[in-house]
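Chemist: What follows is structure.pdb, PDB, C-alpha atoms.
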```pdb
ATOM      1  CA  MET A   1     -21.877  14.749   9.873
ATOM      2  CA  SER A   2     -24.030  12.555   7.643
ATOM      3  CA  SER A   3     -25.779   9.537   9.099
ATOM      4  CA  GLY A   4     -25.025   7.385   6.037
ATOM      5  CA  ILE A   5     -22.640   4.468   6.308
ATOM      6  CA  ALA A   6     -19.512   4.711   4.163
ATOM      7  CA  ILE A   7     -17.934   1.420   5.277
ATOM      8  CA  ARG A   8     -19.536  -1.578   6.899
ATOM      9  CA  THR A   9     -17.870  -4.909   7.608
ATOM     10  CA  LEU A  10     -19.466  -7.990   9.118
ATOM     11  CA  ASP A  11     -17.304 -10.791  10.538
ATOM     12  CA  LEU A  12     -14.607  -9.801   8.039
ATOM     13  CA  THR A  13     -11.953 -12.513   8.095
ATOM     14  CA  LYS A  14      -8.844 -13.135   6.029
ATOM     15  CA  ARG A  15      -6.490 -16.103   6.147
ATOM     16  CA  PHE A  16      -3.237 -16.592   4.292
ATOM     17  CA  GLY A  17      -2.809 -20.340   4.520
ATOM     18  CA  THR A  18      -2.630 -21.139   8.217
ATOM     19  CA  LEU A  19      -2.052 -17.487   9.174
ATOM     20  CA  LEU A  20      -5.159 -15.722  10.473
ATOM     21  CA  ALA A  21      -4.466 -12.114   9.460
ATOM     22  CA  LEU A  22      -7.919 -10.702  10.234
ATOM     23  CA  ASP A  23     -10.441 -12.250  12.611
ATOM     24  CA  SER A  24     -14.170 -11.362  12.408
ATOM     25  CA  VAL A  25     -13.706  -7.584  12.245
ATOM     26  CA  GLU A  26     -16.902  -5.521  12.403
ATOM     27  CA  LEU A  27     -16.691  -1.832  11.488
ATOM     28  CA  ASN A  28     -19.266   0.860  10.806
ATOM     29  CA  ILE A  29     -17.728   4.082   9.534
ATOM     30  CA  VAL A  30     -20.115   6.983   9.073
ATOM     31  CA  GLU A  31     -20.006   9.369   6.133
ATOM     32  CA  GLY A  32     -18.318  12.628   7.045
ATOM     33  CA  GLU A  33     -16.018  11.278   9.757
ATOM     34  CA  ILE A  34     -12.311  10.641  10.029
ATOM     35  CA  PHE A  35     -11.843   7.172  11.461
ATOM     36  CA  GLY A  36      -8.416   6.333  12.844
ATOM     37  CA  TYR A  37      -7.469   2.668  12.518
ATOM     38  CA  LEU A  38      -4.788   1.970  15.098
ATOM     39  CA  GLY A  39      -2.498  -0.917  15.866
ATOM     40  CA  PRO A  40       1.146  -1.964  15.710
ATOM     41  CA  ASN A  41       2.765  -3.148  12.527
ATOM     42  CA  GLY A  42       1.459  -6.601  11.649
ATOM     43  CA  ALA A  43      -1.877  -6.130  13.440
ATOM     44  CA  GLY A  44      -3.889  -6.472  10.214
ATOM     45  CA  LYS A  45      -4.515  -2.840   9.285
ATOM     46  CA  SER A  46      -3.165  -3.057   5.734
ATOM     47  CA  THR A  47      -5.023  -6.332   5.172
ATOM     48  CA  THR A  48      -8.280  -4.625   6.138
ATOM     49  CA  LEU A  49      -7.644  -1.736   3.757
ATOM     50  CA  ARG A  50      -6.740  -4.052   0.881
ATOM     51  CA  LEU A  51      -9.988  -5.922   1.415
ATOM     52  CA  LEU A  52     -11.907  -2.642   1.329
ATOM     53  CA  VAL A  53     -10.380  -1.551  -1.984
ATOM     54  CA  GLY A  54     -10.894  -4.946  -3.603
ATOM     55  CA  LEU A  55      -7.263  -6.044  -3.786
ATOM     56  CA  LEU A  56      -7.979  -9.074  -1.600
ATOM     57  CA  ARG A  57     -10.985 -11.370  -1.323
ATOM     58  CA  PRO A  58     -12.310 -12.156   2.164
ATOM     59  CA  THR A  59     -11.939 -15.683   3.475
ATOM     60  CA  ALA A  60     -15.199 -15.182   5.374
ATOM     61  CA  GLY A  61     -17.573 -12.372   6.264
ATOM     62  CA  SER A  62     -18.302  -9.344   4.111
ATOM     63  CA  ALA A  63     -17.356  -5.748   3.446
ATOM     64  CA  ARG A  64     -19.392  -2.969   1.863
ATOM     65  CA  VAL A  65     -18.217   0.441   0.656
ATOM     66  CA  PHE A  66     -21.218   2.700   0.102
ATOM     67  CA  GLY A  67     -23.241  -0.486  -0.130
ATOM     68  CA  LEU A  68     -20.995  -2.055  -2.801
ATOM     69  CA  ASP A  69     -18.964  -5.244  -2.510
ATOM     70  CA  PRO A  70     -15.318  -4.194  -3.055
ATOM     71  CA  TRP A  71     -14.429  -7.539  -4.635
ATOM     72  CA  SER A  72     -17.326  -8.094  -7.050
ATOM     73  CA  SER A  73     -17.898  -4.383  -7.757
ATOM     74  CA  ALA A  74     -14.271  -3.218  -7.713
ATOM     75  CA  PRO A  75     -14.487  -0.758 -10.677
ATOM     76  CA  ALA A  76     -17.510   0.998  -9.151
ATOM     77  CA  VAL A  77     -15.815   1.175  -5.750
ATOM     78  CA  HIS A  78     -12.582   2.488  -7.256
ATOM     79  CA  ARG A  79     -14.483   5.411  -8.802
ATOM     80  CA  LEU A  80     -15.553   6.477  -5.304
ATOM     81  CA  ILE A  81     -12.273   6.218  -3.417
ATOM     82  CA  GLY A  82      -8.792   7.642  -3.223
ATOM     83  CA  TYR A  83      -6.236   5.151  -1.901
ATOM     84  CA  VAL A  84      -2.734   5.501  -0.517
ATOM     85  CA  PRO A  85      -1.192   2.036  -0.017
ATOM     86  CA  GLY A  86       1.331   1.232   2.657
ATOM     87  CA  GLU A  87       3.868   0.264  -0.001
ATOM     88  CA  LEU A  88       3.965   2.699  -2.897
ATOM     89  CA  ALA A  89       4.294   1.496  -6.494
ATOM     90  CA  LEU A  90       5.217   4.414  -8.746
ATOM     91  CA  TYR A  91       6.863   4.698 -12.158
ATOM     92  CA  ASP A  92      10.500   5.629 -11.558
ATOM     93  CA  ARG A  93      11.058   7.297 -14.937
ATOM     94  CA  LEU A  94       7.938   9.465 -14.850
ATOM     95  CA  THR A  95       7.719  12.846 -13.171
ATOM     96  CA  SER A  96       4.955  13.716 -10.729
ATOM     97  CA  ARG A  97       3.236  15.757 -13.433
ATOM     98  CA  GLN A  98       3.287  12.780 -15.804
ATOM     99  CA  HIS A  99       1.821  10.579 -13.067
ATOM    100  CA  ILE A 100      -0.978  13.098 -12.575
ATOM    101  CA  THR A 101      -1.738  13.211 -16.303
ATOM    102  CA  PHE A 102      -1.685   9.415 -16.597
ATOM    103  CA  PHE A 103      -3.946   8.790 -13.607
ATOM    104  CA  GLY A 104      -6.201  11.655 -14.635
ATOM    105  CA  HIS A 105      -6.821   9.975 -17.998
ATOM    106  CA  LEU A 106      -7.481   6.651 -16.251
ATOM    107  CA  ARG A 107     -10.194   8.354 -14.185
ATOM    108  CA  GLY A 108     -11.571  10.221 -17.166
ATOM    109  CA  ARG A 109     -10.517  13.547 -15.652
ATOM    110  CA  PRO A 110      -7.395  14.707 -17.494
ATOM    111  CA  ASP A 111      -7.620  18.260 -16.107
ATOM    112  CA  ASP A 112      -4.829  18.521 -13.537
ATOM    113  CA  LYS A 113      -5.723  21.886 -11.977
ATOM    114  CA  ALA A 114      -6.904  20.320  -8.711
ATOM    115  CA  ALA A 115      -3.768  18.191  -8.552
ATOM    116  CA  THR A 116      -1.568  21.245  -9.075
ATOM    117  CA  VAL A 117      -3.269  23.077  -6.189
ATOM    118  CA  ILE A 118      -2.790  20.062  -3.894
ATOM    119  CA  ALA A 119       0.852  19.692  -4.949
ATOM    120  CA  ASP A 120       1.477  23.374  -4.175
ATOM    121  CA  ARG A 121      -0.034  22.967  -0.705
ATOM    122  CA  LEU A 122       2.197  19.954  -0.062
ATOM    123  CA  ASP A 123       5.267  21.704  -1.540
ATOM    124  CA  LEU A 124       5.803  19.031  -4.201
ATOM    125  CA  ASP A 125       8.000  19.701  -7.241
ATOM    126  CA  LEU A 126       6.012  18.219 -10.139
ATOM    127  CA  ASP A 127       8.861  18.066 -12.653
ATOM    128  CA  ARG A 128      11.354  15.742 -10.973
ATOM    129  CA  PRO A 129      11.451  12.057 -11.985
ATOM    130  CA  VAL A 130      10.299   9.742  -9.212
ATOM    131  CA  ARG A 131      13.650   7.943  -9.133
ATOM    132  CA  THR A 132      15.323  11.158  -7.897
ATOM    133  CA  MET A 133      12.745  11.859  -5.200
ATOM    134  CA  SER A 134      13.040  11.308  -1.453
ATOM    135  CA  LYS A 135      10.650   9.063   0.442
ATOM    136  CA  GLY A 136       8.778  12.107   1.693
ATOM    137  CA  ASN A 137       8.267  13.514  -1.799
ATOM    138  CA  ARG A 138       7.086  10.140  -3.081
ATOM    139  CA  GLN A 139       4.560  10.140  -0.263
ATOM    140  CA  LYS A 140       3.415  13.624  -1.261
ATOM    141  CA  LEU A 141       2.842  12.374  -4.814
ATOM    142  CA  ALA A 142       0.796   9.447  -3.498
ATOM    143  CA  LEU A 143      -1.379  11.897  -1.548
ATOM    144  CA  VAL A 144      -1.863  14.098  -4.614
ATOM    145  CA  LEU A 145      -2.939  11.084  -6.697
ATOM    146  CA  ALA A 146      -5.398  10.007  -4.003
ATOM    147  CA  LEU A 147      -6.908  13.453  -3.474
ATOM    148  CA  MET A 148      -6.954  14.942  -6.961
ATOM    149  CA  SER A 149     -10.236  13.346  -8.093
ATOM    150  CA  SER A 150     -12.154  14.637  -5.036
ATOM    151  CA  PRO A 151     -13.201  11.101  -3.997
ATOM    152  CA  GLN A 152     -16.053  10.433  -1.587
ATOM    153  CA  LEU A 153     -13.831   8.199   0.535
ATOM    154  CA  LEU A 154     -10.117   8.362   1.290
ATOM    155  CA  ILE A 155      -8.476   5.110   2.418
ATOM    156  CA  LEU A 156      -5.004   5.962   3.673
ATOM    157  CA  ASP A 157      -2.458   3.423   4.898
ATOM    158  CA  GLU A 158       0.209   5.121   7.056
ATOM    159  CA  PRO A 159      -0.051   8.228   4.833
ATOM    160  CA  THR A 160       2.379  10.577   6.591
ATOM    161  CA  GLY A 161       5.510   8.434   6.542
ATOM    162  CA  GLY A 162       8.479  10.590   5.588
ATOM    163  CA  LEU A 163       6.567  13.886   5.702
ATOM    164  CA  ASP A 164       8.045  16.763   7.678
ATOM    165  CA  PRO A 165       5.910  18.337  10.448
ATOM    166  CA  LEU A 166       4.825  21.364   8.373
ATOM    167  CA  VAL A 167       3.581  19.153   5.543
ATOM    168  CA  GLN A 168       1.858  16.856   8.037
ATOM    169  CA  HIS A 169       0.043  19.885   9.457
ATOM    170  CA  GLU A 170      -1.121  20.900   5.973
ATOM    171  CA  PHE A 171      -2.209  17.336   5.221
ATOM    172  CA  HIS A 172      -4.284  17.245   8.416
ATOM    173  CA  ALA A 173      -5.962  20.500   7.371
ATOM    174  CA  MET A 174      -6.811  18.919   4.029
ATOM    175  CA  MET A 175      -8.382  15.934   5.778
ATOM    176  CA  ARG A 176     -10.617  18.226   7.799
ATOM    177  CA  GLU A 177     -11.590  20.144   4.656
ATOM    178  CA  HIS A 178     -12.414  16.865   2.948
ATOM    179  CA  THR A 179     -14.837  15.783   5.677
ATOM    180  CA  ALA A 180     -16.302  19.285   6.013
ATOM    181  CA  ALA A 181     -17.302  18.936   2.361
ATOM    182  CA  GLY A 182     -19.027  15.613   3.113
ATOM    183  CA  GLY A 183     -16.157  13.215   2.420
ATOM    184  CA  THR A 184     -15.000  10.372   4.646
ATOM    185  CA  VAL A 185     -11.520   9.252   5.706
ATOM    186  CA  LEU A 186     -10.235   5.902   6.937
ATOM    187  CA  LEU A 187      -6.741   6.575   8.241
ATOM    188  CA  SER A 188      -4.544   3.719   9.427
ATOM    189  CA  SER A 189      -1.559   4.368  11.660
ATOM    190  CA  HIS A 190       0.495   2.885  14.454
ATOM    191  CA  ILE A 191       1.047   6.363  15.946
ATOM    192  CA  LEU A 192      -1.750   7.545  18.205
ATOM    193  CA  SER A 193      -0.421  11.092  18.529
ATOM    194  CA  GLU A 194      -0.858  11.520  14.764
ATOM    195  CA  VAL A 195      -4.393  10.147  14.664
ATOM    196  CA  GLN A 196      -5.587  12.143  17.664
ATOM    197  CA  GLN A 197      -4.989  15.401  15.775
ATOM    198  CA  VAL A 198      -7.685  14.678  13.178
ATOM    199  CA  ALA A 199      -9.777  11.602  14.012
ATOM    200  CA  ASP A 200     -13.353  11.633  15.273
ATOM    201  CA  ARG A 201     -13.202   7.981  16.342
ATOM    202  CA  VAL A 202     -10.527   5.321  16.606
ATOM    203  CA  GLY A 203     -10.570   1.556  16.244
ATOM    204  CA  VAL A 204      -7.865  -0.468  17.979
ATOM    205  CA  LEU A 205      -6.659  -3.613  16.194
ATOM    206  CA  ARG A 206      -4.506  -6.284  17.799
ATOM    207  CA  GLU A 207      -3.369  -9.513  16.144
ATOM    208  CA  GLY A 208      -6.195  -9.311  13.640
ATOM    209  CA  ARG A 209      -8.944  -8.637  16.193
ATOM    210  CA  LEU A 210     -10.745  -5.334  16.722
ATOM    211  CA  ILE A 211     -10.523  -4.893  20.483
ATOM    212  CA  ALA A 212     -12.118  -1.440  20.824
ATOM    213  CA  VAL A 213     -13.834   1.384  18.983
ATOM    214  CA  GLU A 214     -13.803   4.703  20.828
ATOM    215  CA  SER A 215     -14.448   8.355  20.162
ATOM    216  CA  LEU A 216     -11.459  10.570  20.912
ATOM    217  CA  HIS A 217     -13.525  12.054  23.727
ATOM    218  CA  GLU A 218     -14.078   8.608  25.251
ATOM    219  CA  LEU A 219     -10.407   7.750  24.899
ATOM    220  CA  ARG A 220      -9.452  10.958  26.664
ATOM    221  CA  GLN A 221     -11.792   9.992  29.521
ATOM    222  CA  LYS A 222      -9.427   7.031  29.987
ATOM    223  CA  SER A 223      -6.382   9.296  29.795
ATOM    224  CA  LEU A 224      -3.808   8.434  32.432
ATOM    225  CA  HIS A 225      -2.665  10.974  35.002
ATOM    226  CA  HIS A 226       0.559  10.609  36.961
ATOM    227  CA  VAL A 227      -0.082  11.494  40.595
ATOM    228  CA  THR A 228       2.480  12.193  43.310
ATOM    229  CA  ALA A 229       1.490  13.089  46.866
ATOM    230  CA  GLU A 230       3.759  13.769  49.819
ATOM    231  CA  PHE A 231       2.185  13.502  53.269
ATOM    232  CA  ALA A 232       3.148  14.826  56.684
ATOM    233  CA  ALA A 233       3.413  11.277  58.047
ATOM    234  CA  PRO A 234       3.936   7.778  56.605
ATOM    235  CA  ILE A 235       0.885   6.125  55.026
ATOM    236  CA  GLN A 236      -0.132   2.540  54.282
ATOM    237  CA  GLU A 237      -0.649   0.993  50.841
ATOM    238  CA  SER A 238      -3.846  -0.605  52.168
ATOM    239  CA  ASP A 239      -5.390   2.876  52.401
ATOM    240  CA  PHE A 240      -5.352   3.157  48.571
ATOM    241  CA  ARG A 241      -5.108  -0.353  47.155
ATOM    242  CA  GLU A 242      -8.873  -0.910  46.765
ATOM    243  CA  LEU A 243      -9.506   2.268  44.732
ATOM    244  CA  ALA A 244     -10.788   1.351  41.261
ATOM    245  CA  GLY A 245      -8.601   2.166  38.270
ATOM    246  CA  ILE A 246      -5.379   2.893  40.165
ATOM    247  CA  ARG A 247      -2.249   1.656  38.395
ATOM    248  CA  ASP A 248       1.386   1.294  39.453
ATOM    249  CA  LEU A 249       0.706   2.259  43.077
ATOM    250  CA  THR A 250       3.902   2.787  45.077
ATOM    251  CA  ILE A 251       4.145   3.888  48.707
ATOM    252  CA  ASN A 252       7.540   4.972  50.007
ATOM    253  CA  GLY A 253       7.145   6.147  53.596
ATOM    254  CA  ALA A 254       5.160   9.357  53.325
ATOM    255  CA  THR A 255       5.228   9.547  49.504
ATOM    256  CA  LEU A 256       2.625   8.072  47.159
ATOM    257  CA  THR A 257       3.013   7.718  43.387
ATOM    258  CA  CYS A 258       0.528   6.122  41.003
ATOM    259  CA  SER A 259      -1.236   6.464  37.673
ATOM    260  CA  ALA A 260      -4.988   6.813  37.327
ATOM    261  CA  PRO A 261      -7.446   7.366  34.471
ATOM    262  CA  GLN A 262      -9.406  10.594  34.496
ATOM    263  CA  SER A 263     -12.493   8.700  35.658
ATOM    264  CA  ALA A 264     -10.697   7.580  38.862
ATOM    265  CA  LEU A 265      -9.233  10.939  39.860
ATOM    266  CA  ASP A 266     -12.149  12.135  41.973
ATOM    267  CA  ALA A 267     -12.086   9.101  44.274
ATOM    268  CA  LEU A 268      -8.289   9.187  44.476
ATOM    269  CA  ILE A 269      -8.122  12.873  45.394
ATOM    270  CA  ARG A 270     -10.875  12.456  47.977
ATOM    271  CA  ARG A 271      -8.870   9.649  49.604
ATOM    272  CA  ILE A 272      -5.634  11.652  49.509
ATOM    273  CA  SER A 273      -7.391  14.636  51.129
ATOM    274  CA  GLN A 274      -8.155  12.520  54.187
ATOM    275  CA  PHE A 275      -4.470  12.830  55.131
ATOM    276  CA  ARG A 276      -2.360  15.898  55.837
ATOM    277  CA  ILE A 277      -0.674  16.806  52.542
ATOM    278  CA  VAL A 278       2.726  18.475  52.216
ATOM    279  CA  ASP A 279       2.945  18.460  48.419
ATOM    280  CA  PHE A 280       0.830  17.253  45.503
ATOM    281  CA  ALA A 281       1.296  16.965  41.727
ATOM    282  CA  CYS A 282      -0.952  15.605  38.988
ATOM    283  CA  ALA A 283       0.125  15.598  35.324
ATOM    284  CA  GLU A 284      -1.664  14.116  32.323
ATOM    285  CA  ALA A 285       0.325  11.433  30.531
ATOM    286  CA  ASP A 286       0.861  11.468  26.789
ATOM    287  CA  LEU A 287      -2.053   9.947  24.935
ATOM    288  CA  ASP A 288       0.376   7.372  23.549
ATOM    289  CA  GLU A 289       0.947   6.111  27.079
ATOM    290  CA  THR A 290      -2.806   6.022  27.717
ATOM    291  CA  PHE A 291      -3.233   4.069  24.506
ATOM    292  CA  MET A 292      -0.621   1.503  25.496
ATOM    293  CA  ALA A 293      -2.208   0.997  28.919
ATOM    294  CA  PHE A 294      -5.667   0.691  27.376
ATOM    295  CA  TYR A 295      -4.275  -1.540  24.629
ATOM    296  CA  GLU A 296      -2.906  -4.002  27.178
ATOM    297  CA  ILE A 297      -6.289  -4.120  28.941
ATOM    298  CA  GLY A 298      -8.092  -4.658  25.650
ATOM    299  CA  ALA A 299      -5.695  -7.396  24.679
ATOM    300  CA  ARG A 300      -6.335  -9.265  27.925
ATOM    301  CA  ASN A 301     -10.098  -8.871  27.473
ATOM    302  CA  ALA A 302      -9.900 -10.143  23.912
ATOM    303  CA  ALA A 303      -7.895 -13.155  25.064
TER     304      ALA A 303
END
```
For the structure just supplied, provide its representation as structure tokens.

Modeler:
Amino acid sequence: MSSGIAIRTLDLTKRFGTLLALDSVELNIVEGEIFGYLGPNGAGKSTTLRLLVGLLRPTAGSARVFGLDPWSSAPAVHRLIGYVPGELALYDRLTSRQHITFFGHLRGRPDDKAATVIADRLDLDLDRPVRTMSKGNRQKLALVLALMSSPQLLILDEPTGGLDPLVQHEFHAMMREHTAAGGTVLLSSHILSEVQQVADRVGVLREGRLIAVESLHELRQKSLHHVTAEFAAPIQESDFRELAGIRDLTINGATLTCSAPQSALDALIRRISQFRIVDFACAEADLDETFMAFYEIGARNAA
């Protein structure tokens, strides 16, 4: 992975009238990485991406894409990026092939061989008019248009909406190939399970504020585990209440249930082993559940 910076923002802020859509966001995205930008709908993800591609002007702060200001140097930035917006705007009467030819001429690269290869991998029929295409096929076309010029940076806003699982798998492989060749990806999503398949790091956005930036490894260190222990005799909640990181602790006679991050498991298991155990189970929660628990903590810290 290169040590160069593909995207840097400093106190990036955007207001729409009295609505604060983005509040002092600071990002550093390294060349060669896939950065997952996570948050629920309305968190400010699309606003961030539109600022980075020069479609919006910041209210305050700054953004740089390969050292260029996306607003004042928009044409130069556009030559370096491939962009999939959250809301597609395509020409209903044109076929996918005609879109490829049109956008190829706009970029000064009318040769559509690369686009045809990408379309084949995504199983996209190039000769159907857009107006007859499903949402998933429109999304495939958007991906082809973003990828066909081999851009240095891909900025993708919820790019897999409407894609079936096989096409999603192929798309993820293409993202990894892109970064292996030195490219960079900024991938926004509200679905953690999607991002975790490809991202190197994730940023968590809530109500316009960036509340955390984590590597996937660090996020997995926080991964919740559901623990159930059955003892030979009743136990007291006070025996476990002070353990750091324990969540949702419930004692019912001789049965204990709780959730704990990976970092708290050692202390929890040591405490459990002090009692005579009849049965024990520990199962890792879905990463989505970990994300929601972490998200709530981050939201309280941000407040």

Chemist: With 10 Å as the threshold, what does the neighbourhood of (0.2, -0.3, 39.7) contain in terms of residues, counting all atoms listed in the file? Coordinates are those of the file; answer as a ChimeraX atom specification.

Modeler: /A:241,245-250,257-260

Chemist: For the interface of segment 98-185 of chain A with segment 63-85 of chain A (cut-off 9 Å, counting only C-alpha atoms), please tabulate each contacting residue of segment 98-185 of chain A alongside its nearest pair of atoms and their separation in Å to one decimal, rows sorted by chain and increasing number, as CSV.

Modeler:
```
residue,atom,partner,partner_atom,distance
A:Arg107,CA,A:Arg79,CA,7.5
A:Gln139,CA,A:Val84,CA,8.6
A:Ala142,CA,A:Val84,CA,6.1
A:Leu143,CA,A:Val84,CA,6.6
A:Leu145,CA,A:Gly82,CA,7.6
A:Ala146,CA,A:Gly82,CA,4.2
A:Leu147,CA,A:Gly82,CA,6.1
A:Met148,CA,A:Gly82,CA,8.4
A:Ser149,CA,A:Gly82,CA,7.6
A:Ser150,CA,A:Gly82,CA,8.0
A:Pro151,CA,A:Ile81,CA,5.0
A:Gln152,CA,A:Leu80,CA,5.5
A:Leu153,CA,A:Ile81,CA,4.7
A:Leu154,CA,A:Gly82,CA,4.8
A:Ile155,CA,A:Tyr83,CA,4.9
A:Leu156,CA,A:Val84,CA,4.8
A:Asp157,CA,A:Pro85,CA,5.3
A:Glu158,CA,A:Pro85,CA,7.8
A:Pro159,CA,A:Val84,CA,6.6
```

Chemist: To verify the selection step, state as a PDB file with C-alpha atoms, keeping the file's coordinate frame which residues the PyMOL selection byres ((chain A and resi 122) around 7) yields on this input.

Modeler:
```pdb
ATOM      1  CA  ILE A 118      -2.790  20.062  -3.894  1.00  0.00           C
ATOM      2  CA  ALA A 119       0.852  19.692  -4.949  1.00  0.00           C
ATOM      3  CA  ASP A 120       1.477  23.374  -4.175  1.00  0.00           C
ATOM      4  CA  ARG A 121      -0.034  22.967  -0.705  1.00  0.00           C
ATOM      5  CA  ASP A 123       5.267  21.704  -1.540  1.00  0.00           C
ATOM      6  CA  LEU A 124       5.803  19.031  -4.201  1.00  0.00           C
ATOM      7  CA  LYS A 140       3.415  13.624  -1.261  1.00  0.00           C
ATOM      8  CA  VAL A 167       3.581  19.153   5.543  1.00  0.00           C
ATOM      9  CA  GLU A 170      -1.121  20.900   5.973  1.00  0.00           C
TER      10      GLU A 170
END
```

Chemist: At a cut-off of 10 Å, can you tabulate as JSON lines every residue of segment 159-235 of chain A near segment 125-135 of chain A together with its closest atom pair and the distance in Å to one decimal, using all atoms listed in the file and ordering rows by chain then number?

Modeler:
```
{"residue": "A:Gly161", "atom": "CA", "partner": "A:Lys135", "partner_atom": "CA", "distance": 8.0}
{"residue": "A:Gly162", "atom": "CA", "partner": "A:Lys135", "partner_atom": "CA", "distance": 5.8}
{"residue": "A:Leu163", "atom": "CA", "partner": "A:Lys135", "partner_atom": "CA", "distance": 8.2}
```

Chemist: Run the PyMOL selection byres ((chain A and resi 29) around 6) on the file and write out the hits as a list in words.

Modeler: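 Applying the expression gives Ile5, Ala6, Ile7, Asn28 and Val30 of chain A.
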
Chemist: Would you mind reading off the distance between atom CA of Arg176 of chain A and atom CA of His190 of chain A, one decimal, in Å?

Modeler: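 Pair atom CA of Arg176 of chain A / atom CA of His190 of chain A returns 20.1 Å.
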
Chemist: Applied to the shown file, which residues does the PyMOL selection byres ((chain A and resi 48) around 9) return, written as a ChimeraX atom specification?

Modeler: /A:12-14,22,25,44-47,49-53,56

Chemist: Can you tell me how far atom CA of Val195 of chain A sits from atom CA of Glu214 of chain A, in Å to one decimal?

Modeler: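 Taking atom CA of Val195 of chain A as the start and atom CA of Glu214 of chain A as the end point, the length is 12.5 Å.
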
Chemist: Considering all atoms listed in the file, can you say which of A:Ser188, A:Ser24, A:Thr101, A:Gln197 comes closest to Leu10 of chain A?

Modeler: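 Counting all atoms listed in the file, the residue closest to Leu10 of chain A is A:Ser24.
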
Chemist: I'd like the interatomic distance between atom CA of Glu230 of chain A and atom CA of Ala264 of chain A, to a tenth of an Å.

Modeler: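 Interatomic distance here is 19.2 Å.
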
Chemist: Give the answer as one residue: which of A:Arg8, A:His99, A:Arg15, A:Arg220 has the shortest atom-to-atom distance to Arg57 of chain A, using all atoms listed in the file?

Modeler: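 Once distances to Arg57 of chain A are computed over all atoms listed in the file, the minimum belongs to A:Arg15.
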
Chemist: Pick the closest to Gln221 of chain A from A:Leu55, A:Ile251, A:Leu265, A:Val144: which is it, counting only C-alpha atoms?

Modeler: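 Smallest separation from Gln221 of chain A among the options: A:Leu265.
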
Chemist: What's around Gln274 of chain A at 12 Å? Count all atoms listed in the file, leave out sequence neighbours fewer than 4 positions away in its own chain, and write the answer as a PyMOL selection string.

Modeler: chain A and resi 231-232+235+239-240+267-270

Chemist: Just the selected residues (C-alpha atoms), exported as a PDB file, keeping the file's coordinate frame, please.

Modeler:
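Output below, filename out.pdb:
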```
ATOM      1  CA  PHE A 231       2.185  13.502  53.269  1.00  0.00           C
ATOM      2  CA  ALA A 232       3.148  14.826  56.684  1.00  0.00           C
ATOM      3  CA  ILE A 235       0.885   6.125  55.026  1.00  0.00           C
ATOM      4  CA  ASP A 239      -5.390   2.876  52.401  1.00  0.00           C
ATOM      5  CA  PHE A 240      -5.352   3.157  48.571  1.00  0.00           C
ATOM      6  CA  ALA A 267     -12.086   9.101  44.274  1.00  0.00           C
ATOM      7  CA  LEU A 268      -8.289   9.187  44.476  1.00  0.00           C
ATOM      8  CA  ILE A 269      -8.122  12.873  45.394  1.00  0.00           C
ATOM      9  CA  ARG A 270     -10.875  12.456  47.977  1.00  0.00           C
TER      10      ARG A 270
END
```

Chemist: Please define a box with edges along x, y and z of the file around all atoms of segment 146-149 of chain A given in the file, extend it by 8 Å on each side, and return its centre and edge lengths in Å to one decimal, as AutoDock Vina command-line options.

Modeler:
```
--center_x -7.8 --center_y 12.5 --center_z -5.8 --size_x 20.8 --size_y 20.9 --size_z 20.6
```
